[in-house]
file model33.csv (CSV, C-alpha atoms)
chain,number,residue,atom,x,y,z
A,1,MET,CA,93.9,146.5,106.0
A,2,GLU,CA,93.8,144.6,109.3
A,3,GLU,CA,96.2,141.9,110.0
A,4,LYS,CA,94.9,138.3,109.8
A,5,LYS,CA,95.5,136.0,112.7
A,6,PRO,CA,97.4,132.9,111.7
A,7,LEU,CA,95.4,129.7,111.6
A,8,PHE,CA,98.0,127.7,113.5
A,9,LYS,CA,100.6,129.3,115.8
A,10,ALA,CA,104.1,127.8,115.8
A,11,PRO,CA,103.8,125.8,119.1
A,12,TYR,CA,100.7,123.8,118.2
A,13,ASP,CA,98.2,123.2,121.0
A,14,ILE,CA,98.4,119.4,121.5
A,15,LYS,CA,94.7,119.2,122.5
A,16,ASP,CA,93.7,120.7,119.2
A,17,VAL,CA,95.9,118.4,117.2
A,18,SER,CA,94.8,115.3,119.0
A,19,ALA,CA,91.2,116.2,118.7
A,20,LEU,CA,91.6,116.8,115.0
A,21,PHE,CA,93.5,113.6,114.5
A,22,SER,CA,90.9,111.5,116.4
A,23,ILE,CA,88.1,113.0,114.3
A,24,VAL,CA,89.9,112.2,111.1
A,25,ALA,CA,90.8,108.6,112.3
A,26,PHE,CA,87.2,108.0,113.3
A,27,VAL,CA,85.9,109.1,109.9
A,28,LEU,CA,88.4,106.9,108.1
A,29,ILE,CA,87.5,103.9,110.1
A,30,ILE,CA,83.8,104.4,109.5
A,31,ALA,CA,84.4,104.9,105.8
A,32,ALA,CA,86.5,101.7,105.6
A,33,ILE,CA,83.8,99.6,107.3
A,34,VAL,CA,81.0,101.0,105.2
A,35,GLY,CA,83.1,100.6,102.0
A,36,ASN,CA,84.0,97.0,102.8
A,37,ASN,CA,80.4,96.1,103.4
A,38,LEU,CA,79.2,97.7,100.2
A,39,PHE,CA,82.0,96.0,98.2
A,40,GLY,CA,80.9,92.7,99.8
A,41,LEU,CA,77.3,93.2,98.6
A,42,PHE,CA,78.6,94.2,95.2
A,43,GLN,CA,80.7,91.0,95.0
A,44,GLU,CA,77.7,88.8,96.0
A,45,ASN,CA,75.3,90.4,93.4
A,46,VAL,CA,77.7,90.6,90.4
A,47,TYR,CA,78.9,87.4,88.8
A,48,PHE,CA,82.6,87.6,87.9
A,49,GLY,CA,83.4,85.0,85.2
call {"tool": "encode", "arguments": {"input": "model33.csv", "output": "structure tokens"}}
result
Amino acid sequence: MEEKKPLFKAPYDIKDVSALFSIVAFVLIIAAIVGNNLFGLFQENVYFG
């Protein structure tokens, strides 16, 4: 059985980490904006009380 290469080596490459972090942050920001807009439409269309 051949040895598997580890996914992350102990000294993380800072470029990889920063790229991954920026992608995740960008996706979360887009999701927050879209979710906020959809919730606003939902509030306008549904009568609460």
call {"tool": "atom_distance", "arguments": {"input": "model33.csv", "atom1": "CA of Asp16 in chain A", "atom2": "CA of Ile33 in chain A"}}
result
26.2 Å
call {"tool": "atom_distance", "arguments": {"input": "model33.csv", "atom1": "CA of Ala32 in chain A", "atom2": "CA of Ile14 in chain A"}}
result
26.6 Å
call {"tool": "atom_distance", "arguments": {"input": "model33.csv", "atom1": "CA of Ile23 in chain A", "atom2": "CA of Asn37 in chain A"}}
result
21.5 Å
call {"tool": "build_atoms", "arguments": {"input": "model33.csv", "residues": "range 35-46 of chain A", "atoms": "N, CA, C and O atoms", "output": "mmCIF file, in the frame of the given file"}}
result
data_model
loop_
_atom_site.group_PDB
_atom_site.id
_atom_site.type_symbol
_atom_site.label_atom_id
_atom_site.label_comp_id
_atom_site.auth_asym_id
_atom_site.auth_seq_id
_atom_site.Cartn_x
_atom_site.Cartn_y
_atom_site.Cartn_z
ATOM 1 N N GLY A 35 82.588 100.973 103.321
ATOM 2 C CA GLY A 35 83.100 100.600 102.000
ATOM 3 C C GLY A 35 83.267 99.124 101.846
ATOM 4 O O GLY A 35 82.952 98.537 100.801
ATOM 5 N N ASN A 36 83.783 98.485 102.870
ATOM 6 C CA ASN A 36 84.000 97.000 102.800
ATOM 7 C C ASN A 36 82.673 96.301 102.737
ATOM 8 O O ASN A 36 82.538 95.351 101.967
ATOM 9 N N ASN A 37 81.675 96.731 103.487
ATOM 10 C CA ASN A 37 80.400 96.100 103.400
ATOM 11 C C ASN A 37 79.707 96.275 102.070
ATOM 12 O O ASN A 37 79.124 95.338 101.521
ATOM 13 N N LEU A 38 79.813 97.473 101.504
ATOM 14 C CA LEU A 38 79.200 97.700 100.200
ATOM 15 C C LEU A 38 79.920 96.898 99.122
ATOM 16 O O LEU A 38 79.288 96.387 98.208
ATOM 17 N N PHE A 39 81.248 96.758 99.233
ATOM 18 C CA PHE A 39 82.000 96.000 98.200
ATOM 19 C C PHE A 39 81.610 94.497 98.357
ATOM 20 O O PHE A 39 81.527 93.787 97.357
ATOM 21 N N GLY A 40 81.357 94.030 99.577
ATOM 22 C CA GLY A 40 80.900 92.700 99.800
ATOM 23 C C GLY A 40 79.571 92.404 99.110
ATOM 24 O O GLY A 40 79.368 91.392 98.434
ATOM 25 N N LEU A 41 78.639 93.332 99.262
ATOM 26 C CA LEU A 41 77.300 93.200 98.600
ATOM 27 C C LEU A 41 77.492 93.222 97.089
ATOM 28 O O LEU A 41 76.855 92.464 96.367
ATOM 29 N N PHE A 42 78.370 94.088 96.616
ATOM 30 C CA PHE A 42 78.600 94.200 95.200
ATOM 31 C C PHE A 42 79.174 92.855 94.638
ATOM 32 O O PHE A 42 78.751 92.372 93.589
ATOM 33 N N GLN A 43 80.107 92.234 95.387
ATOM 34 C CA GLN A 43 80.700 91.000 95.000
ATOM 35 C C GLN A 43 79.628 89.847 94.932
ATOM 36 O O GLN A 43 79.654 88.981 94.057
ATOM 37 N N GLU A 44 78.730 89.860 95.903
ATOM 38 C CA GLU A 44 77.700 88.800 96.000
ATOM 39 C C GLU A 44 76.698 88.971 94.815
ATOM 40 O O GLU A 44 76.196 87.982 94.303
ATOM 41 N N ASN A 45 76.382 90.196 94.428
ATOM 42 C CA ASN A 45 75.300 90.400 93.400
ATOM 43 C C ASN A 45 75.834 90.401 91.990
ATOM 44 O O ASN A 45 75.032 90.232 91.085
ATOM 45 N N VAL A 46 77.127 90.581 91.769
ATOM 46 C CA VAL A 46 77.700 90.600 90.400
ATOM 47 C C VAL A 46 78.473 89.358 90.176
ATOM 48 O O VAL A 46 79.353 89.024 90.990
#
